[in-house]
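Presented below is the structure to which this report refers.
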Amino acid sequence: MIWLTDKIEFPPVQYADKNGLLAIGGDLSVERLQLAYQSGIFPWYSEGDPILWYSPENRMVLFPKEIKVSKSMQSLLKKNAFHITYNQNFEAVISNCKSINRKDGLGTWITDEMKQAYLKLNKIGWAKSVEVWQEDVLVGGLYGVDLGNVFCGESMFSKVSNASKYGLIQLSKKLQEQSYTLIDCQIYNDHLASLGAREIPRNDFVGLLKKK
């Protein structure tokens, strides 16, 4: 396994193991995170563990034009059931993603260190959020890293049914209008698959990252 040094660099993504683990260590500096996302790499680890960097062989992605909207969601959209804002309260969104109770009982992977790192990315315009409001109450949202042509989704939360799904659908529509290539969803899960996300080979994903 490759351990990172203070130098801002990563090994080629093809060196990742069968689980997608590429490297260990380093830091969450703005410069390292920028290089990571531009290279198709992301951090994912638990509190107390060293920083783990991943680049899975198969990448879960959502092409904005392929978003699947169910009849029930179409009804909510027509009713304007929620109000959407963009990048208006990033800290509230990441804080909720960090603290929300997960159905799988595994808790959060967003460490205090990671939260602070993404707040720094937000201040320079690299990390952005989507807020979902019900009247004046923040009931859902998501955040990620914006590369200009690819939005790298990191986490989402819902306090009421369908809130985060509503936010993702609206984001997909917005990014389609802006000619974004895709939304990076990182790793397969059934929920994202139901919304139209699918896996593509890592080499294809890295190639799309480089297209502007």
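How things are named: the first chain in the structure tokens is A, the next is B, and so on; residues count from 1 in each chain; ligands count from 1 in the order shown.
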Neighbouring residues of Met73 of chain A were defined as those with any atom within 9 Å, considering only C-alpha atoms; residues of the same chain fewer than 3 positions away were excluded. Please report them as a JSON list (two decimals) with C-alpha atoms, in the first residue's frame.
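Final output, saved to result_34.json:
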[["chain", "number", "residue", "atom", "x", "y", "z"],
["A", 69, "VAL", "CA", -38.25, 11.05, -12.09],
["A", 70, "SER", "CA", -41.06, 8.89, -10.73],
["A", 76, "LEU", "CA", -44.09, 17.07, -6.04],
["A", 77, "LEU", "CA", -42.19, 19.05, -8.66],
["A", 78, "LYS", "CA", -45.41, 20.35, -10.21],
["A", 162, "ASN", "CA", -38.16, 12.91, -0.60],
["A", 165, "LYS", "CA", -34.20, 13.32, -3.83],
["A", 166, "TYR", "CA", -36.03, 16.52, -4.79]]
- Item | segment 30-165 of chain A: residues DSSP assigns to helix (DSSP H, G or I), reported as a PyMOL selection string | chain A and resi 30-38+64-66+71-78+90-99+112-123+163-165
Those residues with N, CA and C atoms, as a CSV table (one decimal), in the first residue's frame please?
chain,number,residue,atom,x,y,z
A,30,VAL,N,-6.3,22.1,0.9
A,30,VAL,CA,-7.1,22.5,-0.3
A,30,VAL,C,-6.4,22.0,-1.5
A,31,GLU,N,-5.1,22.2,-1.6
A,31,GLU,CA,-4.3,21.8,-2.8
A,31,GLU,C,-4.4,20.3,-3.0
A,32,ARG,N,-4.3,19.5,-2.0
A,32,ARG,CA,-4.4,18.0,-2.2
A,32,ARG,C,-5.8,17.6,-2.6
A,33,LEU,N,-6.8,18.2,-2.0
A,33,LEU,CA,-8.2,17.8,-2.4
A,33,LEU,C,-8.4,18.2,-3.8
A,34,GLN,N,-8.0,19.4,-4.2
A,34,GLN,CA,-8.2,19.8,-5.6
A,34,GLN,C,-7.5,18.8,-6.6
A,35,LEU,N,-6.3,18.4,-6.3
A,35,LEU,CA,-5.6,17.4,-7.1
A,35,LEU,C,-6.4,16.1,-7.1
A,36,ALA,N,-6.8,15.7,-6.0
A,36,ALA,CA,-7.5,14.4,-5.9
A,36,ALA,C,-8.8,14.4,-6.7
A,37,TYR,N,-9.6,15.4,-6.6
A,37,TYR,CA,-10.9,15.4,-7.4
A,37,TYR,C,-10.6,15.5,-8.9
A,38,GLN,N,-9.6,16.3,-9.2
A,38,GLN,CA,-9.3,16.4,-10.7
A,38,GLN,C,-8.7,15.1,-11.2
A,64,PRO,N,-26.8,13.9,-16.1
A,64,PRO,CA,-28.0,14.7,-15.8
A,64,PRO,C,-29.2,14.4,-16.7
A,65,LYS,N,-29.0,14.1,-18.0
A,65,LYS,CA,-30.1,13.9,-18.9
A,65,LYS,C,-30.8,12.5,-18.6
A,66,GLU,N,-30.1,11.6,-17.8
A,66,GLU,CA,-30.6,10.3,-17.5
A,66,GLU,C,-31.3,10.2,-16.2
A,71,LYS,N,-43.5,9.1,-11.0
A,71,LYS,CA,-44.7,9.9,-11.0
A,71,LYS,C,-45.0,10.7,-9.7
A,72,SER,N,-44.6,10.1,-8.6
A,72,SER,CA,-44.8,10.7,-7.3
A,72,SER,C,-43.9,12.0,-7.2
A,73,MET,N,-42.7,11.8,-7.7
A,73,MET,CA,-41.8,13.0,-7.7
A,73,MET,C,-42.2,14.0,-8.7
A,74,GLN,N,-42.7,13.6,-9.9
A,74,GLN,CA,-43.2,14.6,-10.8
A,74,GLN,C,-44.3,15.4,-10.2
A,75,SER,N,-45.2,14.8,-9.4
A,75,SER,CA,-46.3,15.5,-8.7
A,75,SER,C,-45.7,16.5,-7.8
A,76,LEU,N,-44.7,16.1,-7.0
A,76,LEU,CA,-44.1,17.1,-6.0
A,76,LEU,C,-43.4,18.3,-6.8
A,77,LEU,N,-42.8,18.0,-7.9
A,77,LEU,CA,-42.2,19.0,-8.7
A,77,LEU,C,-43.2,20.0,-9.2
A,78,LYS,N,-44.3,19.5,-9.7
A,78,LYS,CA,-45.4,20.4,-10.2
A,78,LYS,C,-46.0,21.2,-9.1
A,90,PHE,N,-23.9,26.5,3.1
A,90,PHE,CA,-23.1,25.2,3.0
A,90,PHE,C,-22.8,24.6,4.3
A,91,GLU,N,-22.5,25.4,5.3
A,91,GLU,CA,-22.2,24.9,6.6
A,91,GLU,C,-23.3,24.1,7.2
A,92,ALA,N,-24.5,24.6,7.1
A,92,ALA,CA,-25.7,23.9,7.6
A,92,ALA,C,-25.9,22.6,6.9
A,93,VAL,N,-25.7,22.5,5.6
A,93,VAL,CA,-25.9,21.3,4.9
A,93,VAL,C,-24.9,20.3,5.3
A,94,ILE,N,-23.6,20.6,5.3
A,94,ILE,CA,-22.6,19.6,5.7
A,94,ILE,C,-22.7,19.2,7.2
A,95,SER,N,-23.2,20.1,8.0
A,95,SER,CA,-23.4,19.8,9.4
A,95,SER,C,-24.5,18.8,9.6
A,96,ASN,N,-25.6,19.0,8.8
A,96,ASN,CA,-26.7,18.0,8.8
A,96,ASN,C,-26.3,16.7,8.3
A,97,CYS,N,-25.5,16.7,7.2
A,97,CYS,CA,-25.0,15.4,6.6
A,97,CYS,C,-24.2,14.7,7.6
A,98,LYS,N,-23.4,15.4,8.4
A,98,LYS,CA,-22.5,14.8,9.4
A,98,LYS,C,-23.3,14.2,10.6
A,99,SER,N,-24.4,14.8,11.0
A,99,SER,CA,-25.1,14.4,12.2
A,99,SER,C,-26.3,13.6,12.0
A,112,ASP,N,-14.6,15.5,11.8
A,112,ASP,CA,-14.5,17.0,12.1
A,112,ASP,C,-13.5,17.6,11.1
A,113,GLU,N,-12.4,16.9,10.9
A,113,GLU,CA,-11.3,17.3,10.0
A,113,GLU,C,-11.8,17.5,8.6
A,114,MET,N,-12.6,16.5,8.2
A,114,MET,CA,-13.2,16.6,6.8
A,114,MET,C,-14.1,17.8,6.7
A,115,LYS,N,-15.0,18.0,7.7
A,115,LYS,CA,-15.9,19.1,7.6
A,115,LYS,C,-15.2,20.4,7.4
A,116,GLN,N,-14.1,20.6,8.2
A,116,GLN,CA,-13.3,21.9,8.1
A,116,GLN,C,-12.7,22.0,6.8
A,117,ALA,N,-12.2,20.9,6.2
A,117,ALA,CA,-11.5,20.9,4.9
A,117,ALA,C,-12.5,21.3,3.8
A,118,TYR,N,-13.7,20.8,3.9
A,118,TYR,CA,-14.7,21.2,2.8
A,118,TYR,C,-15.3,22.6,3.0
A,119,LEU,N,-15.3,23.1,4.2
A,119,LEU,CA,-15.6,24.5,4.5
A,119,LEU,C,-14.6,25.4,3.8
A,120,LYS,N,-13.3,25.0,3.8
A,120,LYS,CA,-12.3,25.8,3.2
A,120,LYS,C,-12.5,25.7,1.7
A,121,LEU,N,-12.8,24.5,1.1
A,121,LEU,CA,-13.1,24.4,-0.3
A,121,LEU,C,-14.3,25.3,-0.7
A,122,ASN,N,-15.3,25.4,0.2
A,122,ASN,CA,-16.5,26.2,-0.1
A,122,ASN,C,-16.1,27.7,-0.2
A,123,LYS,N,-15.2,28.1,0.7
A,123,LYS,CA,-14.8,29.5,0.7
A,123,LYS,C,-14.1,30.0,-0.6
A,163,ALA,N,-37.0,14.8,0.4
A,163,ALA,CA,-36.3,16.1,0.3
A,163,ALA,C,-35.0,16.1,-0.4
A,164,SER,N,-34.1,15.2,-0.1
A,164,SER,CA,-32.8,15.1,-0.8
A,164,SER,C,-33.0,14.7,-2.2
A,165,LYS,N,-33.9,13.8,-2.5
A,165,LYS,CA,-34.2,13.3,-3.8
A,165,LYS,C,-34.7,14.5,-4.7
- Message: Can you tell me which residues surround Ala193 of chain A at a distance of at most 10 Å, considering only C-alpha atoms, apart from same-chain residues fewer than 2 positions away, and format the answer as a ChimeraX atom specification?
- Response: /A:60-62,67-68,185,188-191,195-199
Produce a file of the selected residues containing N, CA and C atoms, as a compact mmCIF listing (two decimals), in the first residue's frame.
# COMPACT_ATOMS: atom_id res chain seq x y z
N MET A 60 -19.64 5.03 -9.97
CA MET A 60 -21.07 5.30 -10.05
C MET A 60 -21.27 6.76 -10.46
N VAL A 61 -21.95 6.98 -11.55
CA VAL A 61 -22.16 8.34 -12.05
C VAL A 61 -23.61 8.52 -12.47
N LEU A 62 -24.04 9.77 -12.49
CA LEU A 62 -25.37 10.12 -12.98
C LEU A 62 -25.22 11.16 -14.08
N ILE A 67 -31.52 11.34 -15.51
CA ILE A 67 -32.19 11.32 -14.23
C ILE A 67 -33.60 10.74 -14.39
N LYS A 68 -33.96 9.81 -13.51
CA LYS A 68 -35.28 9.19 -13.54
C LYS A 68 -36.18 9.87 -12.50
N CYS A 185 -21.12 10.01 -8.33
CA CYS A 185 -21.77 9.43 -7.15
C CYS A 185 -20.84 8.45 -6.43
N TYR A 188 -21.51 2.51 -5.97
CA TYR A 188 -22.88 2.04 -6.24
C TYR A 188 -23.72 1.96 -4.97
N ASN A 189 -24.96 2.44 -5.09
CA ASN A 189 -25.99 2.08 -4.11
C ASN A 189 -27.34 2.07 -4.80
N ASP A 190 -28.26 1.31 -4.24
CA ASP A 190 -29.56 1.07 -4.89
C ASP A 190 -30.36 2.36 -5.05
N HIS A 191 -30.28 3.24 -4.06
CA HIS A 191 -31.05 4.47 -4.11
C HIS A 191 -30.66 5.31 -5.33
N LEU A 195 -32.51 6.28 -9.35
CA LEU A 195 -32.65 7.62 -9.91
C LEU A 195 -31.95 7.76 -11.26
N GLY A 196 -31.36 6.66 -11.73
CA GLY A 196 -30.74 6.69 -13.05
C GLY A 196 -29.23 6.63 -13.07
N ALA A 197 -28.60 6.61 -11.90
CA ALA A 197 -27.15 6.51 -11.86
C ALA A 197 -26.70 5.12 -12.27
N ARG A 198 -25.50 5.04 -12.84
CA ARG A 198 -24.96 3.74 -13.28
C ARG A 198 -23.44 3.76 -13.19
N GLU A 199 -22.87 2.57 -13.23
CA GLU A 199 -21.42 2.45 -13.14
C GLU A 199 -20.78 2.53 -14.53
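Distances here use only C-alpha atoms; by that measure, the residue among A:Thr111, A:Asn149, A:Ser46, A:Asn80 closest to Ser179 of chain A is A:Asn149.
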- Query: Can you tell me, as a list in words, what residues are no more than 7 Å from Pro201 of chain A when counting only C-alpha atoms, ignoring any on the same chain fewer than 4 positions away?
  - Reply: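 So the residues in contact are Glu57, Asn58, Arg59 and Phe205 of chain A.
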- Task: Mind listing the strand (DSSP E or B) residues of segment 47-205 of chain A, per DSSP on the backbone, as number ranges by chain?
- Result: A: 52-54, 58-62, 83-86, 127-134, 137-146, 150-158, 182-186, 198-201
- Determine the nearest neighbour of Asn101 of chain A from the options A:Phe157, A:Tyr15, A:Trp133, A:Tyr180, counting only C-alpha atoms. A:Phe157
- Query: Between A:Ala127, A:Ala16, A:Leu21, A:Ala81, which has the minimum distance to Glu154 of chain A (counting only C-alpha atoms)?
  - Reply: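 Under the stated criterion, the closest residue is A:Ala127.
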